[in-house]
Amino acid sequence: MVNAILKFVQCCRTAGYRVSTSEVIDCISQLSLINILEEEEFRSVLRANFAKSRREQAQFDRLYHLYFHELRQDIDLDDTESTIEKMDEILNDLQEQVRGSADHEAILDFLSGDPMDFLEMIRRLQTEEVDVNQGRKFNLGPLASRLLVMVQLNDVRSRVERILEENPFHYAKDTRRILSRRFEAQLDRAYEMLLREPRPHNEGIREVRTHEQYLRQLGDRPFTSLTPKEIEQVREIIDRLVRKLKDIVSRRYAGNNRGVLDVKKTLRAAAKYDGVPMDIRFRKRPPRKGKVVTLCDISSSVWSAARFMLNILYSLQECFTKVNSFVFVSGLAEVTKIFEEEEINHAIEKVLKEVNIDYHAQTDYGETFRQFRNGYMDTLNKKTTLIIIGDARSNYFHPEDRILEEMRDKCKRLIWLNPEPESMWNTGDSEMFAYKAHCHELRECRNLNQLVDFVEELIL
Amino acid sequence: MKFADVADVRDKLEKAGYVTSKEIATVVFLASVTKKPILVEGPAGVGKTELAKAMSRALGLNLLRLQCYEGLDESKALYEWEYAKQLLYTQMVKEKIGDVISGAQTLADAVEKIASHEDAFFSERFIQPRPLLQAISSEDTVVLLIDEVDKSDPEFEAFLLELLSDFQVSIPEIGTKTARNIPFVILTSNNYRDMSDALKRRCIHIYIDYPQRDLEIQIVKLKLPDIDEKLAASIVDAVRSIRSLDLKKRPCISETIDWARSLIALSVDELGADVLVSTLNMVCKYKADSEMVKANVKKILP
């Protein structure tokens with residue numbers, strides 16, 4: 001009994017479980033307490049001790065079934081001693097024939113009721129890393145090694161047949177049939193195990209994960225190539241992200257906001273201890289919030305990135321003291337009010353429809369900066385982060401990078417997000433390099449993941 | 001009171017209002033015999049906490065509950081030192097202290113004399129026990145429920161290890177306290193995060209999933225004895241097919257029961273599409289979920 005359990009433990013370990021000695025001892029001592037002839041009880045004891053998380057349970061069940069049902073099949077059938085002996089004989093013969101090949105021996109061990117090496121082999125195949133260096137991901141590698149094992153299985157199969165046929169006198173007709181059926185069944189099982197794909201084991205987890213993967217993938221797509229339906233989904237992602245960020249922010253403030261000693265509260269608490277200030281109270285430091293000013297190019301080339309940016313910023317409004325936003329093409333307009341008053345998606349539509357800007361004009365960064373200097377310079381102060389979203393394509397107008405320098409000097413940080421790929425910067429009419437000198441930070445912002453990274457850094 | 005065997009566990013728990021599968025009963029039985037903690041995992045609302053409550057009812061033991069959360073520390077889980085009380089006592093016996101040291105010649109002598117009375121200042125009198133210490137120092141065996149242990153910090157988990165393996169805790173002011181009676185410990189977890197291997201090794205693990213159809217019907221009937229058999233079955237079937245949809249939050253057993261209860265209150269005797277839609281709030285807790293269920297009414301009610 002103990003031996004059977006220990007062997008099973010070995011199998012579990014080969015299949016990748018971490019089963020400690022103390023768990024084995026527990027398990028065996030618990031088995032003496034229950035009626036082990038009741039299979040359900042027996043199985044739950046093993047399961048409770050060896051597979052200690054949900055993920056492992058499905059595979060544990062499979063392993064259990066394999067070990068205690070399928071491999072033991074040869075014993076409870078109408079077997080005579082001699083058949084088993086004969087099987088051993090054949091296996092020994094085969095062992096002689098294939099000495100030296102580890103894979104073959106694993107298969108033979110499997111046939112003789114010791115599945116460990118074979119399990120190990122399968123696990124190796126399933127967890128094999130796909131070689132990423134090939135540039136493109138193929139699953140050809142694992143498939144090929146699986147094919148190799150299949151070939152070996154077939155090889156063993158034909159060898160068994162041959163042994164049976166070559167010794168017609170040694171094996172009676174009936175035994176021969178039984179033996180060949182037995183081996184066939186075992187080999188089929190091995191075959192099936194080999195083909196079984198490793199699956200994520202918790203259905204709940206699996207669904208979430210695939211959805212999550214899809215969303216990530218969506219996050220890697222450039223904004224410009226999103227379909228309207230995907231834009232909806234991106235909004236959903238943004239919603240979720242915003243909720244997460246707010247959680248993080250509030251938790252951080254809750255944890256680490258100890259300020260100076262609060263005399264009033266400490267004295268009040270000390271009354272409890274006869275005037276001895278046992279319990280020292282501290283003032284809570286108000287969270288440090290920044291102010292954000294955004295300048296968004298809403299010419300068609302950049303708008304798709306800008307809208308998501310605005311969406312995120314306004315959803316996170318309470319993380320900042322104030323968000324001022326401006327849009328521009330060839331001239332500047334302030335849209336702070338629209339975003340404050342309207343629901344975010346309406347606001348975005350409204351900006352496109354109602355703001356007094358000529359969308360078909362040529363983008364003029366220089367003019368925009370001049371207007372900003374004349375009208376809105378006072379929105380910038382030393383607590384302000386200025387975010388500019390644009391491709392810096394100024395249609396060969398004067399870039400006015402001197403004004404940008406003035407703006408930088410007035411604010412805390414100046415960040416430029418460019419929705420063009422980096423390789424395109426400074427080609428043609430792009431003035432990116434002229435502006436680059438004045439920015440604290442310059443980022444490519446083509447897809448949601450980049451945008452998300454940026455916002456996370458901005459807030460945390 | 002003890003369980004005699006696995007069947008006895010099922011019996012007693014059922015009398016306490018908790019229907020179990022054989023697997024759960026086996027684990028509970030083993031835990032009660034070997035005095036090991038049980039780590040219960042599973043989705044929300046399958047009756048993890050209820051298992052502990054049912055056990056305390058079935059065995060007639062007291063239930064001590066420790067709800068874990070982020071930031072839970074020893075002073076809330078184990079004990080708190082009552083400075084105020086200690087201070088008050090010290091003030092009141094001030095004169096007595098004068099008596100004690102009156103015969104002393106030197107300062108060192110006086111300190112020595114006070115030191116021989118140190119026990120009076122640091123005694124259990126000034127300790128306010130919290131659930132864990134209560135469980136250990138209790139005269140009778142108790143059921144200790146450590147709820148949602150996955151929400152606690154890793155430090156607290158490490159602290160639990162000492163408790164769960166030796167059933168003793170060390171209090172710096174007094175010394176080590178060993179349990180008089182080993183409590184019946186149940187830890188529940190929602191898989192918010194994975195527990196450490198060390199903790200798992202000290203526990204018997206069980207995963208409670210949504211119950212099988214028959215078991216769930218049995219549970220509904222146990223909780224609502226006067227429910228119509230056919231209605232119970234159709235409710236359970238509907239809930240099970242709702243669960244198979246891709247929802248944000250799947251309806252759990254308690255929601256099945258709530259739903260059944262509200263259908264009884266509405267004196268509905270057959271579950272139809274209109275009833276389902278109008279009482280959907282009992283089952284789905286997200287707007288998107290209810291919409292998905294509405295879209296799939298045909299699939300849910302065959």
# chains A, B, ... in the order shown; residues from 1 in each chain; ligands from 1
call {"tool": "closest_atom_pairs", "arguments": {"of": "chain B", "to": "chain A", "cutoff": "6 Å", "atoms": "only C-alpha atoms", "output": "Markdown table"}}
result
| residue | atom | partner | partner_atom | distance |
| --- | --- | --- | --- | --- |
| B:Glu23 | CA | A:Ser44 | CA | 5.5 |
| B:Thr26 | CA | A:Glu41 | CA | 5.9 |
| B:Ala84 | CA | A:Tyr273 | CA | 5.1 |
| B:Ile204 | CA | A:Ala48 | CA | 5.5 |
| B:His205 | CA | A:Ala48 | CA | 4.7 |
| B:Ile206 | CA | A:Ala48 | CA | 5.7 |
call {"tool": "residues_around", "arguments": {"residues": "Ala15 (chain A)", "least_positions_apart": "5", "cutoff": "9 Å", "atoms": "only C-alpha atoms", "output": "PDB file with N, CA and C atoms, in the first residue's frame"}}
result
ATOM      1  N   GLN A  10       5.787   9.743  -6.675  1.00  0.00           N
ATOM      2  CA  GLN A  10       6.845   9.935  -7.671  1.00  0.00           C
ATOM      3  C   GLN A  10       6.265  10.469  -8.971  1.00  0.00           C
ATOM      4  N   GLN A  59      -5.496  18.319 -13.561  1.00  0.00           N
ATOM      5  CA  GLN A  59      -4.433  17.418 -13.986  1.00  0.00           C
ATOM      6  C   GLN A  59      -4.248  16.290 -12.984  1.00  0.00           C
ATOM      7  N   LEU A  63      -4.168  12.310 -13.727  1.00  0.00           N
ATOM      8  CA  LEU A  63      -3.049  11.490 -13.286  1.00  0.00           C
ATOM      9  C   LEU A  63      -3.557  10.336 -12.423  1.00  0.00           C
ATOM     10  N   MET A 116       6.478   6.710 -15.039  1.00  0.00           N
ATOM     11  CA  MET A 116       7.165   7.940 -14.658  1.00  0.00           C
ATOM     12  C   MET A 116       7.958   8.601 -15.774  1.00  0.00           C
ATOM     13  N   LEU A 119       5.792  10.059 -18.451  1.00  0.00           N
ATOM     14  CA  LEU A 119       5.155  11.311 -18.034  1.00  0.00           C
ATOM     15  C   LEU A 119       6.137  12.465 -18.127  1.00  0.00           C
ATOM     16  N   GLU A 120       7.335  12.177 -17.656  1.00  0.00           N
ATOM     17  CA  GLU A 120       8.382  13.199 -17.690  1.00  0.00           C
ATOM     18  C   GLU A 120       8.613  13.663 -19.126  1.00  0.00           C
ATOM     19  N   ILE A 122       6.530  13.489 -21.645  1.00  0.00           N
ATOM     20  CA  ILE A 122       5.403  14.274 -22.156  1.00  0.00           C
ATOM     21  C   ILE A 122       5.438  15.688 -21.600  1.00  0.00           C
ATOM     22  N   ARG A 123       5.796  15.773 -20.334  1.00  0.00           N
ATOM     23  CA  ARG A 123       5.829  17.094 -19.731  1.00  0.00           C
ATOM     24  C   ARG A 123       6.890  17.958 -20.406  1.00  0.00           C
TER      25      ARG A 123
END
call {"tool": "closest_residue", "arguments": {"among": "A:Val149, A:Leu295, A:Ala347, A:Ile312", "to": "Phe328 (chain A)", "atoms": "only C-alpha atoms"}}
result
A:Leu295
call {"tool": "residues_around", "arguments": {"residues": "Leu144 (chain B)", "least_positions_apart": "3", "cutoff": "6 Å", "atoms": "only C-alpha atoms", "output": "ChimeraX atom specification"}}
result
/B:63-65,184-185
call {"tool": "atom_distance", "arguments": {"atom1": "CA of Pro131 (chain B)", "atom2": "CA of Leu164 (chain B)"}}
result
13.9 Å
call {"tool": "residues_around", "arguments": {"residues": "Lys249 (chain B)", "least_positions_apart": "4", "cutoff": "8 Å", "atoms": "only C-alpha atoms", "output": "PyMOL selection string"}}
result
chain B and resi 284-286+289
call {"tool": "atom_distance", "arguments": {"atom1": "CA of Leu417 (chain A)", "atom2": "CA of Cys439 (chain A)"}}
result
10.2 Å
call {"tool": "residues_around", "arguments": {"residues": "Ala44 (chain B)", "least_positions_apart": "3", "cutoff": "10 Å", "atoms": "only C-alpha atoms", "output": "PyMOL selection string"}}
result
chain B and resi 41+47-49+189-191+208-210+249-254
call {"tool": "write_last_selection", "arguments": {"atoms": "C-alpha atoms", "output": "PDB file, in the first residue's frame"}}
result
ATOM      1  CA  GLU B  41     -10.836  27.611  -1.662  1.00  0.00           C
ATOM      2  CA  GLY B  47     -20.532  28.330   1.278  1.00  0.00           C
ATOM      3  CA  LYS B  48     -16.944  28.418   2.432  1.00  0.00           C
ATOM      4  CA  THR B  49     -17.652  30.504   5.496  1.00  0.00           C
ATOM      5  CA  SER B 189      -9.575  31.897   0.407  1.00  0.00           C
ATOM      6  CA  ASN B 190     -11.047  33.419  -2.722  1.00  0.00           C
ATOM      7  CA  ASN B 191      -7.918  32.972  -4.791  1.00  0.00           C
ATOM      8  CA  ILE B 208     -15.430  23.791  -3.115  1.00  0.00           C
ATOM      9  CA  ASP B 209     -16.927  24.361  -6.520  1.00  0.00           C
ATOM     10  CA  TYR B 210     -20.484  25.146  -7.492  1.00  0.00           C
ATOM     11  CA  LYS B 249     -20.076  37.683 -11.645  1.00  0.00           C
ATOM     12  CA  ARG B 250     -21.635  34.264 -11.670  1.00  0.00           C
ATOM     13  CA  PRO B 251     -24.626  33.630  -9.461  1.00  0.00           C
ATOM     14  CA  CYS B 252     -23.692  31.613  -6.382  1.00  0.00           C
ATOM     15  CA  ILE B 253     -25.663  29.326  -4.133  1.00  0.00           C
ATOM     16  CA  SER B 254     -26.860  32.049  -1.836  1.00  0.00           C
TER      17      SER B 254
END
call {"tool": "residues_around", "arguments": {"residues": "region 112-127 of chain B", "least_positions_apart": "6", "cutoff": "8 Å", "atoms": "only C-alpha atoms", "output": "list in words"}}
result
Tyr79, Glu80, Trp81, Glu82, Tyr83, Lys85, Gln86, Thr90, Ile97, Val100, Ile101, Ala104, Glu173 and Ile174 of chain B
call {"tool": "decode", "arguments": {"residues": "region 215-243 of chain B", "atoms": "C-alpha atoms", "output": "mmCIF file, in the first residue's frame"}}
result
data_model
loop_
_atom_site.group_PDB
_atom_site.id
_atom_site.type_symbol
_atom_site.label_atom_id
_atom_site.label_comp_id
_atom_site.auth_asym_id
_atom_site.auth_seq_id
_atom_site.Cartn_x
_atom_site.Cartn_y
_atom_site.Cartn_z
ATOM 1 C CA LEU B 215 -26.837 18.638 -4.466
ATOM 2 C CA GLU B 216 -27.912 22.177 -5.249
ATOM 3 C CA ILE B 217 -31.565 21.152 -5.431
ATOM 4 C CA GLN B 218 -31.105 19.439 -2.093
ATOM 5 C CA ILE B 219 -29.608 22.619 -0.640
ATOM 6 C CA VAL B 220 -32.483 24.736 -1.908
ATOM 7 C CA LYS B 221 -34.967 22.303 -0.438
ATOM 8 C CA LEU B 222 -33.144 22.245 2.871
ATOM 9 C CA LYS B 223 -33.174 26.018 3.148
ATOM 10 C CA LEU B 224 -36.728 26.411 1.849
ATOM 11 C CA PRO B 225 -38.587 23.302 2.972
ATOM 12 C CA ASP B 226 -41.936 24.353 1.508
ATOM 13 C CA ILE B 227 -40.706 24.923 -2.033
ATOM 14 C CA ASP B 228 -42.309 23.027 -4.847
ATOM 15 C CA GLU B 229 -40.035 20.255 -6.108
ATOM 16 C CA LYS B 230 -40.477 21.143 -9.761
ATOM 17 C CA LEU B 231 -39.880 24.837 -9.174
ATOM 18 C CA ALA B 232 -36.697 24.092 -7.232
ATOM 19 C CA ALA B 233 -35.402 21.951 -10.064
ATOM 20 C CA SER B 234 -36.191 24.527 -12.726
ATOM 21 C CA ILE B 235 -34.593 27.309 -10.681
ATOM 22 C CA VAL B 236 -31.435 25.305 -10.224
ATOM 23 C CA ASP B 237 -31.344 24.409 -13.911
ATOM 24 C CA ALA B 238 -31.754 28.039 -14.880
ATOM 25 C CA VAL B 239 -29.042 29.192 -12.495
ATOM 26 C CA ARG B 240 -26.703 26.515 -13.768
ATOM 27 C CA SER B 241 -27.131 27.595 -17.347
ATOM 28 C CA ILE B 242 -26.754 31.252 -16.344
ATOM 29 C CA ARG B 243 -23.483 30.265 -14.722
#
